[in-house]
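Engineer: Mind looking over this structure? Questions follow.
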Number of protein chains: 4
Amino acid sequence: MEKFRFLTAGESHGKGLTAIIEGIPSGFEISPDFINEELKRRQQGYGRGGRMKIETDTVEILSGIRFGKTLGSPVTLFIKNKDFENWEKIMSTDPQDYTEEKSFSAYRPGHADFAGSVKYDQKDLRNILERSSARQTAIEVAVGAVAKQILNQLSITCESKVLQIGNGFTEEEFHKEIDLAKESGDTLGGKLEVVYYNLPVGLGSHVHWDRKLDGRIAQAIMSIPAIKAVEIGDNPLGFKGSEYHDQMYLSDGKVIRKTNHAGGIEGGMTNGEPLVVRAVMKPIPTLRKPLNTVDSSTKQETEAHFERSDTCAVEACAVVAEARIACVLVNEILLKFGGDSRKELLSRV
Amino acid sequence: MEKFRFLTAGESHGKGLTAIIEGIPSGFEISPDFINEELKRRQQGYGRGGRMKIETDTVEILSGIRFGKTLGSPVTLFIKNKDFENWEKIMSTDPQDYTEEKSFSAYRPGHADFAGSVKYDQKDLRNILERSSARQTAIEVAVGAVAKQILNQLSITCESKVLQIGNGFTEEEFHKEIDLAKESGDTLGGKLEVVYYNLPVGLGSHVHWDRKLDGRIAQAIMSIPAIKAVEIGDNPLGFKGSEYHDQMYLSDGKVIRKTNHAGGIEGGMTNGEPLVVRAVMKPIPTLRKPLNTVDSSTKQETEAHFERSDTCAVEACAVVAEARIACVLVNEILLKFGGDSRKELLSRV
Amino acid sequence: MEKFRFLTAGESHGKGLTAIIEGIPSGFEISPDFINEELKRRQQGYGRGGRMKIETDTVEILSGIRFGKTLGSPVTLFIKNKDFENWEKIMSTDPQDYTEEKSFSAYRPGHADFAGSVKYDQKDLRNILERSSARQTAIEVAVGAVAKQILNQLSITCESKVLQIGNGFTEEEFHKEIDLAKESGDTLGGKLEVVYYNLPVGLGSHVHWDRKLDGRIAQAIMSIPAIKAVEIGDNPLGFKGSEYHDQMYLSDGKVIRKTNHAGGIEGGMTNGEPLVVRAVMKPIPTLRKPLNTVDSSTKQETEAHFERSDTCAVEACAVVAEARIACVLVNEILLKFGGDSRKELLSRV
Amino acid sequence: MEKFRFLTAGESHGKGLTAIIEGIPSGFEISPDFINEELKRRQQGYGRGGRMKIETDTVEILSGIRFGKTLGSPVTLFIKNKDFENWEKIMSTDPQDYTEEKSFSAYRPGHADFAGSVKYDQKDLRNILERSSARQTAIEVAVGAVAKQILNQLSITCESKVLQIGNGFTEEEFHKEIDLAKESGDTLGGKLEVVYYNLPVGLGSHVHWDRKLDGRIAQAIMSIPAIKAVEIGDNPLGFKGSEYHDQMYLSDGKVIRKTNHAGGIEGGMTNGEPLVVRAVMKPIPTLRKPLNTVDSSTKQETEAHFERSDTCAVEACAVVAEARIACVLVNEILLKFGGDSRKELLSRV
C-alpha cells in the first residue's frame with residue numbers, strides 16, 4: 001500500500017549508492033542543491049571521525065526530472081563513492097579480480113556480521129559489512145530530501161534536535177561527553193527528536209492495524225541502523241490518564257489543545273497537532289577500545305575489527321530520521337489525496 | 001512482502017469480529033481451544049472493568065482447517081459479539097433501522113474520534129468509536145494464537161510480563177496503584193515485555209530498510225492501540241559502546257554471549273539470542289473523572305463521553321503484543337524457509 | 001499498491017465463503033439486494049447443472065456497514081453454504097470427526113488436484129478440490145458487487161455478453177451446442193466480453209510496468225478459474241498499423257475517435273473510450289464422459305472423479321469477469337483520486 | 001508478495017536506464033556478458049529501423065555483485081543511453097536549460113500521449129513519450145537476464161519464437177509481410193510464444209486469486225508495451241472438454257501427459273509440463289504513413305508525430321516476454337523455497 005515507493009542499493013565502498021523512487025506526481029520542483037545540503041547535514045555533527053570529513057557527498061539525478069520538475073516517472077538518484085578508486089579491485093564485480101585483501105572474519109559485536117554471514121553463507125564478513133554499514137543512510141537521506149521538497153511545496157516543514165548524548169543534556173555537555181568518550185576509545189549514543197508541522201488531519205487510519213501512521217513511522221525509524229527505541233509524543237510512563245490525554249478546548253470557534261503529549265497522533269491518525277517522534281540511538285558499535293569476539297575462520301576468540309572512527313553520530317541520525325519520516329508522510333498524503341500532478345495535489349490538500 | 005497476511009474486520013458492538021489469514025502452509029495443527037485460552041488471557045488482568053467480565057470470547061473457525069489441520073487455504077476466524085442482541089438495531093446494516101440512539105458528538109481526547117470524524121466525514125462519533133475501540137485487539141489475539149501454534153510446532157516459544165504500572169514495579173505495587181487510580185476515577189498505563197525463544201538466526205535482513213526485523217516488529221507493536229513507545233532489547237540511553245554491545249565468546253566451540261542488550265537483533269536480523277521487545281502503553285483514555293473536550297454538534301466545550309470502565313489494561317496489552325510479534329515471526333520464517341506444508345517447513349528450519 | 005484490498009476464504013462444502021474488503025471510503029451506499037442479484041446472475045445461464053439450481057446464494061454483511069452506508073472500516077461478506085448440513089462431519093474442523101468418506105485420490109485432469117496435492121502434501125484430493133472449486137467465484141462476485149455499487153455511484157456502468165460457445169456465435173447456436181455437448185457427456189467453453197463505460201481518463205499509468213491498467217486487468221481475469229486467454233480491445237492479429245490504431249478527430253472542440261480497437265487503453269491508461277475486455281474460458285474439466293487419469297493411491301490408471309454437472313458456464317464467467325474488473329477499477333480510482341469519504345471522492349472524480 | 005522485486009527508471013533520451021533488483025539470494029553467478037547478449041537479442045530482428053542499429057546497449061553493474069557473485073544485497077543495473085550527448089540540453093534536469101526544442105503537441109494514436117498528458121498535466125508530449133517509449137523494455141530485458149541466470153543455475157531453461165507476423169506464418173512469409181509493410185510506410189504486429197522447461201511442480205497456488213501463476217504471468221506480459229492479448233497454453237476456443245484437458249497416464253511409475261493444452265498450468269499452479277505462454281503484439285503505432293490526430297496546442301486536426309522507424313518488433317518483443325516471465329518465475333521459486341543463498345536454494349529445489 002505504497003504510492004511513494006523506493007528501493008535503495010549500493011555497497012559502502014562500491015561504485016556508489018543508487019535509489020529509484022516511483023510514484024511522485026509530476027510538476028514538483030526538485031533541486032539537487034537541497035539534496036546536497038541534506039547530505040552535508042548528515043555528514044556533520046560533533047564526534048564524527050575521519051571518513052565523514054573526506055567525503056562530501058553529492059547527488060546526481062539520472063531520471064524522472066526535466067528542467068527542474070518531476071515528470072511523474074521514476075526518479076533515480078546516484079551518489080558516487082568518492083574513494084571508490086582505492087577500492088576498485090577489492091570491490092570489483094569481475095571474478096577475475098578476486099582478492100582476499102580487506103577481507104576479515106572476526107565478527108564485530110553490535111553489527112550484522114554474525115547473523116548476516118550465517119544467513120547469506122559468507123566467509124568474508126566484508127560481504128556483510130559493505131551493505132550493513134551506516135553508509136546506506138546517505139541514499140536514504142537523499143530520498144528523504146526529495147520527499148521533503150514535496151512536503152515543503154505543501155507547506156509542511158520539520159525540525160529536529162538532539163535531546164541527550166551519553167549522560168549530557170545540553171550542547172555543552174554533549175561535547176564534554178563526546179570528548180571523554182573519544183579519549184577513552186569509547187563511543188556514545190543518545191536521544192533525538194523530530195517534529196513535523198502543518199500536517200493535514202487524518203493521515204493514517206484507525207481502521208486497520210497496518211494503516212496506522214504511528215506504526216508506519218515506528219517501522220521507518222526503528223529500521224535506521226543503531227536505533228533501538230522509538231516514541232511518539234511523550235513517553236507515558238508514570239503519567240495518569242487525567243494528566244496524559246490532551247484535553248480539547250474552543251478558541252475562536254476552533255478546537256485547540258494546550259498540551260501535545262500524544263505527539264500529534266490519536267487513533268493512528270494525525271490530529272492537527274505537531275507530529276513529535278523521538279528515538280534512541282545505541283552507541284556506535286565500532287570502538288577503538290576493542291570488544292571481545294570470535295573469529296569465524298580461526299575459531300578463536302579475538303578482538304573486533306576496527307574500520308571507522310566516529311565517536312558519536314546522533315546528530316546525523318536525526319537528519320536520517322527526518323528523511324525517513326518525510327518518506328512516510330509523502331506516501332500518506334498521496335494515499336489520502338491521490339493526485340497525479342502537483343497542481344492537482346495542491347488543489348486538494 | 002507478506003506470506004502470512006491477514007485482514008481483520010468488525011465493529012465493537014456489531015455482529016462480531018472476523019479475520020482471514022492467507023498464506024499458512026498445510027498440515028499445521030490448529031486448536032480452537034488454544035485460541036480461546038489466549039482470548040481469555042486478553043480479558044484478564046487486575047484493573048479490568050465490567051465488559052471484560054461479561055464477555056467470554058470464543059472463536060469459530062469458518063474455513064481453512066479440516067480435521068484439526070490447516071489445508072493451505074485461507075483460515076477464517078469469527079468471534080461473535082455476545083452483547084450484539086442489545087445493539088442489533090443500533091448497529092444495523094439496514095437504512096430503515098436508522099436511529100440516533102447511542103450516538104454522540106463530544107470528542108473523547110486520546111481517542112480516534114476527532115481525526116476519524118474529520119477524515120471519514122462522520123457526525124456520529126460512534127461510527128469512529130466502533131472500529132477504533134480496543135475491542136479489535138480480540139481478533140488480533142486470535143490471529144496471533146494461530147501464529148503461535150505454528151511457532152510452537154517449530155519449537156519457538158514466548159513469555160511476557162508487566163514491568164511497570166503507574167509508578168509501581170512489583171505486582172503488589174501494581175495493585176496498589178490501580179486501586180488508587182480506580183478510586184479517583186483515573187486510569188494508568190505501564191510498560192510490558194515480550195520475549196521469544198529459540199528463533200533461527202537470520203530472520204529479517206540488513207540489505208534493505210523495509211526487511212529489517214526490528215522495523216517490522218516496531219510497526220506491529222506501535223500499531224496496538226495505546227502503545228506510544230517501543231524498544232528492542234535494552235534502551236541504550238546512558239550506555240557507552242564498551243558497555244552496551246554484546247561481546248562474543250567461545251564455549252564448547254560455539255559462539256556465545258554473556259549479555260543480550262541488543263535484545264536478539266543485530267543488523268535487522270535475529271542473532272540467536274532471545275528476542276526481547278518492550279513497549280509502553282499510555283493510560284486508558286476513557287476516564288470516569290471526565291476530561292474537558294468539545295462537542296462537534298453544539299460547538300460547545302463539554303465533558304468527554306464515558307463508555308468503558310477499565311482502569312488499567314497493561315496485562316492484556318502484553319497478550320496482544322505477544323500475538324502481534326507472533327504474526328511478524330511466522331511471516332519472516334515463511335519468507336526465509338518457504339515451505340507449503342508443515343512437513344516441508346520442519347525439514348528446513 | 002492496493003487501496004481496495006480484499007481476502008477471500010472458504011471451502012466449497014464448508015460452512016461458507018467469507019471476504020473482508022479493506023479500503024472502502026465511508027458514505028457509499030451498499031445494498032445486500034444488489035449483491036444477491038449479482039450472485040443470482042452468476043448461478044444462471046444455459047448449461048448449468050444440478051447444484052446451481054439448489055443453491056440460491058445470499059450474502060450476509062458482518063461489518064463495515066451501518067444504516068446502509070460504509071463506515072470506512074473493513075466490510076465483511078459471508079455467504080453460507082446451504083448444503084453444509086450434509087457435509088458437516090466430512091468438512092469438520094475437529095480432528096475427532098476424521099473420516100475418509102468423500103475422499104478421493106484420482107487426479108482430475110484440468111483441475112488443481114495434481115499440482116495442489118504435490119504442493120500441499122495431501123493424500124485426499126478433496127483437500128485441494130474444496131478450495132480450487134469454481135465455488136470460490138461466488139464470493140468474488142459478492143466483492144465485485146460491492147465494487148460495482150461504488151462505481152455506479154460514480155456513474156460508471158458495465159455490461160457483458162457471451163460472444164462464442166463451442167462453435168456457436170448466437171444465442172440459438174449456444175443452446176444447440178450446449179444441448180449436443182450435454183447429450184454426449186461433454187462440456188464447452190467459450191468467449192466473453194465485458195465493457196465498462198464512463199471511466200475517467202488516466203486510470204493506470206505508463207510510468208512503471210506494474211502500474212499499467214491492462215496488466216492489472218489481465219491478472220484479475222486470467223486468475224478466474226478456467227480462463228486461458230485475455231484480450232484488451234480487438235485482438236490485433238492480422239491488422240496493419242494504419243488499420244488498427246484509433247485515429248483522433250475533433251468534434252465540437254473535443255477529441256473523439258471513430259474506432260476503439262485499443263479497447264479504451266493506451267500506454268497502460270484509460271483513454272476515455274469504453275474499456276473492452278475479452279476472455280476465453282476453457283471447457284469445464286469435470287465431464288460425465290470420463291477422462292483418463294492416474295490414482296495417486298493405487299498408482300493405477302483410472303477414470304477421473306465426477307462431482308459436478310454443468311455443461312457450460314461461460315455466462316456465469318462473464319459475471320465473474322465483470323466483478324473482477326470492478327475491483328481493479330475501484331482500486332485505480334482510489335489510487336488516482338484518494339478520498340476517504342464518498343463526498344470527498346465525488347468532488348474529485 | 002514479492003521476494004524478487006525491482007523498480008526500473010529512465011527516459012528514452014535521458015542519461016540512461018536504471019534498475020534496482022532487491023531480493024536475490026547470495027552466491028548466484030551473474031555475468032554482464034549474458035545480460036549484454038540478451039540486450040543484443042532485443043535489438044535484433046527483421047524489420048527494425050535506424051535507432052536499433054546505432055545503439056548497442058551494454059549494462060553496467062553498480063551494486064550487489066562482487067567477484068561475479070551476488071551478495072544478497074540489491075543489484076543495480078545501468079544502461080547508458082549512447083546518444084545522450086545529442087540530447088543533453090533537451091533532457092536536462094536543470095531548469096536553466098529550458099528549451100522547447102523537440103517538444104511536440106500532436107497526440108500520437110496508439111501511444112500514451114493523450115491519456116498521459118491529461119493525467120500528468122503536461123503540455124509538451126515529449127514528457128510522456130520519454131517514459132512510455134518501448135526503450136524502457138531494454139532495462140526490463142536486463143532485469144530478466146539476471147533472473148534467467150538464476151533460473152539457469154536451477155536448470156530451468158527457456159526458448160521463444162515468433163508464430164505469426166501480419167498474415168505470415170513462416171519466416172519467409174514474415175520477411176515478405178514486413179517488406180511490403182515497410183514499402184507502404186505501414187507497420188505490423190504478430191504473435192509470439194515463450195516456453196519454459198523444467199519448472200518444479202506447484203509454483204503459484206490455487207488458494208487465493210492473486211497467488212495464481214497464470215494471473216501473474218498475464219500481468220507481466222500484458223504490461224509489455226503493445227501487447228493486447230495473452231494466452232496460457234492452447235487457446236481453448238472451439239475445443240470440447242473431452243478434447244482439451246490433458247489426460248494423465250502412467251509410464252514407468254510416473255504420471256505423464258500426451259498433450260499440453262493447458263500450457264503447464266492447472267489450478268493456477270505449474271503442473272510439471274512445459275510452461276507455454278503466447279501473446280499478440282499490436283502493430284507499432286508510429287507509422288511513416290501518418291495517422292490523423294489532434295494537436296493539443298493548436299486545437300486543430302493534424303498528422304501524428306513520427307520519431308521511430310521500426311516496421312515490426314515482434315522478435316524483440318519475444319525477448320522481452322522471456323525476460324518478464326523469468327522475473328515472475330524467480331519470484332515464485334523464492335516464495336516456494338525460501339533460501340537466502342544459492343547453496344540453500346539448490347538444496348531445496
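For the C-alpha cells, the naming scheme is as follows: chains receive sequential letters (A, B, ...) according to their order of presentation, residues are indexed from 1 within each chain, and ligands are indexed from 1 in presentation order.
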Excluding Pro274 in chain B and its own-chain neighbours fewer than 5 positions away, which residues fall within 6 Å of it when counting only C-alpha atoms? Please give them as a list in words.
Structural biologist: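 Everything that qualifies: Tyr196, Tyr197 and Gly264 of chain B.
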Engineer: Next, dump the selected residues to file, keeping only N, CA and C atoms, as a PDB file, in the first residue's frame.
Structural biologist:
```pdb
ATOM      1  N   TYR B 196      10.717 -13.842  22.950  1.00  0.00           N
ATOM      2  CA  TYR B 196      10.570 -15.052  22.134  1.00  0.00           C
ATOM      3  C   TYR B 196      11.877 -15.830  22.148  1.00  0.00           C
ATOM      4  N   TYR B 197      11.762 -17.140  22.311  1.00  0.00           N
ATOM      5  CA  TYR B 197      12.929 -18.010  22.439  1.00  0.00           C
ATOM      6  C   TYR B 197      13.074 -18.953  21.244  1.00  0.00           C
ATOM      7  N   GLY B 264      18.448  -9.532  20.952  1.00  0.00           N
ATOM      8  CA  GLY B 264      18.355 -10.604  19.964  1.00  0.00           C
ATOM      9  C   GLY B 264      18.358 -10.157  18.521  1.00  0.00           C
TER      10      GLY B 264
END
```
Engineer: Taking the chain letters and numbering used in this document, name the residues of range 165-292 of chain C that DSSP puts in alpha helix (DSSP H), as a PyMOL selection string.
Structural biologist: chain C and resi 171-183+213-222+241-244
Engineer: Please, could you write that set of residues out with N, CA and C atoms as a PDB file, in the first residue's frame?
Structural biologist:
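Produced file again-v7.pdb, reproduced below:
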```
ATOM      1  N   GLU C 171     -27.150 -16.797 -29.705  1.00  0.00           N
ATOM      2  CA  GLU C 171     -27.781 -17.454 -28.571  1.00  0.00           C
ATOM      3  C   GLU C 171     -28.401 -18.795 -28.986  1.00  0.00           C
ATOM      4  N   GLU C 172     -29.035 -18.770 -30.132  1.00  0.00           N
ATOM      5  CA  GLU C 172     -29.642 -20.004 -30.632  1.00  0.00           C
ATOM      6  C   GLU C 172     -28.576 -21.100 -30.795  1.00  0.00           C
ATOM      7  N   GLU C 173     -27.459 -20.706 -31.406  1.00  0.00           N
ATOM      8  CA  GLU C 173     -26.365 -21.672 -31.588  1.00  0.00           C
ATOM      9  C   GLU C 173     -25.757 -22.113 -30.253  1.00  0.00           C
ATOM     10  N   PHE C 174     -25.689 -21.185 -29.313  1.00  0.00           N
ATOM     11  CA  PHE C 174     -25.168 -21.545 -27.987  1.00  0.00           C
ATOM     12  C   PHE C 174     -25.962 -22.721 -27.419  1.00  0.00           C
ATOM     13  N   HIS C 175     -27.293 -22.578 -27.468  1.00  0.00           N
ATOM     14  CA  HIS C 175     -28.154 -23.605 -26.874  1.00  0.00           C
ATOM     15  C   HIS C 175     -27.981 -24.937 -27.593  1.00  0.00           C
ATOM     16  N   LYS C 176     -27.891 -24.865 -28.903  1.00  0.00           N
ATOM     17  CA  LYS C 176     -27.738 -26.077 -29.685  1.00  0.00           C
ATOM     18  C   LYS C 176     -26.418 -26.780 -29.328  1.00  0.00           C
ATOM     19  N   GLU C 177     -25.361 -25.994 -29.273  1.00  0.00           N
ATOM     20  CA  GLU C 177     -24.038 -26.548 -28.929  1.00  0.00           C
ATOM     21  C   GLU C 177     -24.061 -27.191 -27.537  1.00  0.00           C
ATOM     22  N   ILE C 178     -24.687 -26.485 -26.620  1.00  0.00           N
ATOM     23  CA  ILE C 178     -24.724 -26.982 -25.238  1.00  0.00           C
ATOM     24  C   ILE C 178     -25.555 -28.262 -25.142  1.00  0.00           C
ATOM     25  N   ASP C 179     -26.692 -28.267 -25.838  1.00  0.00           N
ATOM     26  CA  ASP C 179     -27.536 -29.466 -25.822  1.00  0.00           C
ATOM     27  C   ASP C 179     -26.770 -30.675 -26.357  1.00  0.00           C
ATOM     28  N   LEU C 180     -26.069 -30.453 -27.459  1.00  0.00           N
ATOM     29  CA  LEU C 180     -25.300 -31.547 -28.055  1.00  0.00           C
ATOM     30  C   LEU C 180     -24.208 -32.047 -27.117  1.00  0.00           C
ATOM     31  N   ALA C 181     -23.488 -31.097 -26.527  1.00  0.00           N
ATOM     32  CA  ALA C 181     -22.405 -31.474 -25.612  1.00  0.00           C
ATOM     33  C   ALA C 181     -22.965 -32.244 -24.429  1.00  0.00           C
ATOM     34  N   LYS C 182     -24.062 -31.762 -23.906  1.00  0.00           N
ATOM     35  CA  LYS C 182     -24.670 -32.387 -22.735  1.00  0.00           C
ATOM     36  C   LYS C 182     -25.048 -33.842 -23.031  1.00  0.00           C
ATOM     37  N   GLU C 183     -25.681 -34.017 -24.182  1.00  0.00           N
ATOM     38  CA  GLU C 183     -26.076 -35.378 -24.586  1.00  0.00           C
ATOM     39  C   GLU C 183     -24.895 -36.339 -24.601  1.00  0.00           C
ATOM     40  N   LEU C 213      -2.659  -0.458 -16.342  1.00  0.00           N
ATOM     41  CA  LEU C 213      -4.012  -0.955 -16.092  1.00  0.00           C
ATOM     42  C   LEU C 213      -4.291  -2.243 -16.849  1.00  0.00           C
ATOM     43  N   ASP C 214      -3.799  -2.328 -18.083  1.00  0.00           N
ATOM     44  CA  ASP C 214      -4.059  -3.553 -18.853  1.00  0.00           C
ATOM     45  C   ASP C 214      -3.439  -4.766 -18.170  1.00  0.00           C
ATOM     46  N   GLY C 215      -2.260  -4.587 -17.606  1.00  0.00           N
ATOM     47  CA  GLY C 215      -1.622  -5.684 -16.879  1.00  0.00           C
ATOM     48  C   GLY C 215      -2.430  -6.113 -15.667  1.00  0.00           C
ATOM     49  N   ARG C 216      -2.951  -5.137 -14.956  1.00  0.00           N
ATOM     50  CA  ARG C 216      -3.711  -5.469 -13.751  1.00  0.00           C
ATOM     51  C   ARG C 216      -5.027  -6.160 -14.084  1.00  0.00           C
ATOM     52  N   ILE C 217      -5.638  -5.698 -15.150  1.00  0.00           N
ATOM     53  CA  ILE C 217      -6.877  -6.361 -15.581  1.00  0.00           C
ATOM     54  C   ILE C 217      -6.567  -7.779 -16.052  1.00  0.00           C
ATOM     55  N   ALA C 218      -5.485  -7.921 -16.795  1.00  0.00           N
ATOM     56  CA  ALA C 218      -5.124  -9.256 -17.288  1.00  0.00           C
ATOM     57  C   ALA C 218      -4.915 -10.218 -16.120  1.00  0.00           C
ATOM     58  N   GLN C 219      -4.268  -9.753 -15.064  1.00  0.00           N
ATOM     59  CA  GLN C 219      -4.088 -10.638 -13.905  1.00  0.00           C
ATOM     60  C   GLN C 219      -5.439 -11.020 -13.311  1.00  0.00           C
ATOM     61  N   ALA C 220      -6.278 -10.017 -13.121  1.00  0.00           N
ATOM     62  CA  ALA C 220      -7.573 -10.273 -12.486  1.00  0.00           C
ATOM     63  C   ALA C 220      -8.393 -11.279 -13.294  1.00  0.00           C
ATOM     64  N   ILE C 221      -8.359 -11.142 -14.609  1.00  0.00           N
ATOM     65  CA  ILE C 221      -9.177 -12.020 -15.454  1.00  0.00           C
ATOM     66  C   ILE C 221      -8.538 -13.400 -15.582  1.00  0.00           C
ATOM     67  N   MET C 222      -7.230 -13.440 -15.806  1.00  0.00           N
ATOM     68  CA  MET C 222      -6.576 -14.737 -16.015  1.00  0.00           C
ATOM     69  C   MET C 222      -6.626 -15.589 -14.744  1.00  0.00           C
ATOM     70  N   GLY C 241      -0.783  -1.448 -38.934  1.00  0.00           N
ATOM     71  CA  GLY C 241      -0.775  -0.252 -38.091  1.00  0.00           C
ATOM     72  C   GLY C 241      -1.778   0.785 -38.555  1.00  0.00           C
ATOM     73  N   SER C 242      -1.860   0.978 -39.858  1.00  0.00           N
ATOM     74  CA  SER C 242      -2.767   2.007 -40.399  1.00  0.00           C
ATOM     75  C   SER C 242      -4.229   1.632 -40.177  1.00  0.00           C
ATOM     76  N   GLU C 243      -4.491   0.361 -39.938  1.00  0.00           N
ATOM     77  CA  GLU C 243      -5.868  -0.077 -39.705  1.00  0.00           C
ATOM     78  C   GLU C 243      -6.232  -0.118 -38.220  1.00  0.00           C
ATOM     79  N   TYR C 244      -5.218  -0.420 -37.396  1.00  0.00           N
ATOM     80  CA  TYR C 244      -5.527  -0.758 -36.004  1.00  0.00           C
ATOM     81  C   TYR C 244      -5.660   0.458 -35.094  1.00  0.00           C
TER      82      TYR C 244
END
```
Engineer: From the list B:Leu129, B:Val330, B:Leu39, B:Val201, which residue is nearest chain C when using only C-alpha atoms?
Structural biologist: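 Using only C-alpha atoms, the shortest distance to chain C belongs to B:Leu129.
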Engineer: Grab the CA of Thr187 in chain D to CA of Gly202 in chain C distance for me, in Å with one decimal place.
Structural biologist: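 Going from CA of Thr187 in chain D over to CA of Gly202 in chain C, I get 26.5 Å.
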Engineer: Write down, as a PyMOL selection string, each residue of chain D that has any atom within 10 Å of an atom of chain B, counting only C-alpha atoms.
Structural biologist: chain D and resi 1-5+22-23+64+71-74+202+205-208+211+333-340+344-345+347-348
Engineer: Please write the residues from the selection above to a file, keeping N, CA and C atoms, as a short mmCIF file (atom, residue, chain, number, x, y, z; two decimals), in the first residue's frame.
Structural biologist:
```cif
data_model
loop_
_atom_site.label_atom_id
_atom_site.label_comp_id
_atom_site.auth_asym_id
_atom_site.auth_seq_id
_atom_site.Cartn_x
_atom_site.Cartn_y
_atom_site.Cartn_z
N MET D 1 3.49 -9.27 -2.29
CA MET D 1 4.00 -10.61 -2.04
C MET D 1 5.13 -10.92 -3.02
N GLU D 2 6.09 -10.00 -3.06
CA GLU D 2 7.20 -10.19 -3.98
C GLU D 2 8.50 -10.36 -3.21
N LYS D 3 9.23 -11.38 -3.53
CA LYS D 3 10.57 -11.53 -2.95
C LYS D 3 11.61 -11.03 -3.94
N PHE D 4 11.39 -11.27 -5.21
CA PHE D 4 12.25 -10.72 -6.26
C PHE D 4 11.53 -9.47 -6.75
N ARG D 5 11.88 -8.35 -6.18
CA ARG D 5 11.16 -7.12 -6.55
C ARG D 5 12.13 -6.15 -7.20
N GLU D 22 15.82 -6.14 -5.78
CA GLU D 22 16.02 -6.47 -4.36
C GLU D 22 15.45 -7.85 -4.09
N GLY D 23 16.19 -8.68 -3.40
CA GLY D 23 15.67 -9.97 -3.01
C GLY D 23 16.39 -11.17 -3.58
N GLY D 64 25.68 -4.88 -5.65
CA GLY D 64 25.06 -6.16 -5.37
C GLY D 64 25.84 -7.38 -5.83
N LEU D 71 25.66 -10.78 -3.72
CA LEU D 71 25.96 -10.65 -2.28
C LEU D 71 24.72 -10.81 -1.41
N GLY D 72 23.55 -10.85 -2.04
CA GLY D 72 22.30 -10.80 -1.28
C GLY D 72 21.76 -9.39 -1.17
N SER D 73 22.61 -8.43 -1.45
CA SER D 73 22.19 -7.02 -1.39
C SER D 73 21.61 -6.61 -2.75
N PRO D 74 20.90 -5.46 -2.80
CA PRO D 74 20.25 -5.07 -4.05
C PRO D 74 21.25 -4.92 -5.21
N GLY D 202 4.07 -26.94 -8.70
CA GLY D 202 3.50 -26.23 -7.57
C GLY D 202 3.93 -24.78 -7.41
N SER D 205 -0.38 -20.85 -6.77
CA SER D 205 -1.27 -21.55 -5.84
C SER D 205 -2.71 -21.36 -6.28
N HIS D 206 -3.53 -22.36 -5.91
CA HIS D 206 -4.96 -22.25 -6.20
C HIS D 206 -5.72 -21.55 -5.07
N VAL D 207 -5.05 -21.26 -3.95
CA VAL D 207 -5.82 -20.90 -2.76
C VAL D 207 -6.33 -19.46 -2.70
N HIS D 208 -5.71 -18.58 -3.49
CA HIS D 208 -6.18 -17.19 -3.50
C HIS D 208 -5.89 -16.60 -4.87
N ARG D 211 -2.53 -15.24 -6.02
CA ARG D 211 -1.35 -16.12 -6.00
C ARG D 211 -1.31 -17.04 -7.21
N ILE D 333 9.65 -19.04 -7.28
CA ILE D 333 10.58 -20.03 -6.72
C ILE D 333 11.06 -19.60 -5.35
N LEU D 334 11.36 -18.29 -5.21
CA LEU D 334 11.80 -17.80 -3.90
C LEU D 334 10.67 -17.88 -2.88
N LEU D 335 9.44 -17.63 -3.30
CA LEU D 335 8.32 -17.75 -2.38
C LEU D 335 8.13 -19.18 -1.92
N LYS D 336 8.28 -20.10 -2.85
CA LYS D 336 8.04 -21.52 -2.53
C LYS D 336 9.17 -22.14 -1.72
N PHE D 337 10.41 -21.80 -2.08
CA PHE D 337 11.54 -22.50 -1.48
C PHE D 337 12.29 -21.66 -0.44
N GLY D 338 11.98 -20.36 -0.37
CA GLY D 338 12.78 -19.52 0.50
C GLY D 338 14.23 -19.58 0.07
N GLY D 339 15.13 -19.43 1.02
CA GLY D 339 16.54 -19.58 0.64
C GLY D 339 17.23 -18.23 0.52
N ASP D 340 18.24 -18.03 1.32
CA ASP D 340 18.97 -16.76 1.30
C ASP D 340 20.25 -16.86 0.50
N GLU D 344 21.66 -22.83 -0.34
CA GLU D 344 20.43 -23.20 0.36
C GLU D 344 19.31 -23.49 -0.63
N LEU D 345 19.19 -22.63 -1.64
CA LEU D 345 18.12 -22.80 -2.62
C LEU D 345 18.33 -24.08 -3.41
N SER D 347 19.69 -26.74 -2.52
CA SER D 347 19.44 -27.93 -1.70
C SER D 347 17.95 -28.23 -1.57
N ARG D 348 17.12 -27.26 -1.93
CA ARG D 348 15.68 -27.43 -1.73
C ARG D 348 14.89 -27.65 -3.01
#
```
Engineer: Tell me which of D:Glu85, D:Asp310, D:Glu140, D:Glu100 sits closest to Arg126 in chain D, counting only C-alpha atoms.
Structural biologist: D:Glu100
Engineer: Distance CA of Val146 in chain C-CA of Asn198 in chain C, one decimal place?
Structural biologist: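 CA of Val146 in chain C sits 18.2 Å away from CA of Asn198 in chain C.
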Engineer: Contacts of His261 in chain D at 7 Å or less, counting only C-alpha atoms, minus same-chain residues fewer than 2 places along, as a list in words?
Structural biologist: Gly233, Asp234, Tyr244, His245, Asp246, Thr259 and Gly263 of chain D
Engineer: Show which residues sit within 9 Å of range 255-257 of chain B, as a ChimeraX atom specification. Count only C-alpha atoms, and ignore same-chain residues fewer than 5 positions away.
Structural biologist: /A:293-294 /B:246-250,273
Engineer: Report the distance between CA of Ala142 in chain A and CA of Ile227 in chain A in Å, rounded to one decimal place.
Structural biologist: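 Atom-to-atom, CA of Ala142 in chain A to CA of Ile227 in chain A, that is 19.3 Å.
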Engineer: Using only C-alpha atoms, which residue out of D:Val277, D:Ala323, D:Ala106, D:Ile90 lies closest to Val230 in chain D?
Structural biologist: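 Among the listed residues, the smallest separation from Val230 in chain D belongs to D:Val277.
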Engineer: Extract, using only C-alpha atoms, all DNA, RNA and protein residues at most 12 Å from Lys102 in chain D, discarding same-chain residues fewer than 5 positions from it, and format them as a PyMOL selection string.
Structural biologist: chain D and resi 13+86-87+89-91+124-127+129-130+305-307
Engineer: Rank C:Pro95, C:Trp209, C:Val276, C:Lys15 by their smallest atom-to-atom distance to Lys161 in chain C, using only C-alpha atoms, and report the top residue only.
Structural biologist: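 Nearest candidate to Lys161 in chain C out of C:Pro95, C:Trp209, C:Val276, C:Lys15: C:Val276.
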Engineer: From the set D:Gly110, D:Val59, D:Ala304, D:Leu163, which residue has the shortest atom-to-atom contact distance to Asn292 in chain D, counting only C-alpha atoms?
Structural biologist: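 Of the candidates, the smallest distance to Asn292 in chain D is held by D:Ala304.
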Engineer: Need to verify the contact set: Ala229 in chain C, 8 Å, only C-alpha atoms, exclusion of same-chain residues closer than 2 positions in sequence. Can you return it as a list in words?
Structural biologist: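 Using only C-alpha atoms, the neighbours found are Met222, Ile227, Glu231, Ala279, Val280 and Met281 of chain C; Ala229, Val230, Glu231, Ile232 and Asn235 of chain D.
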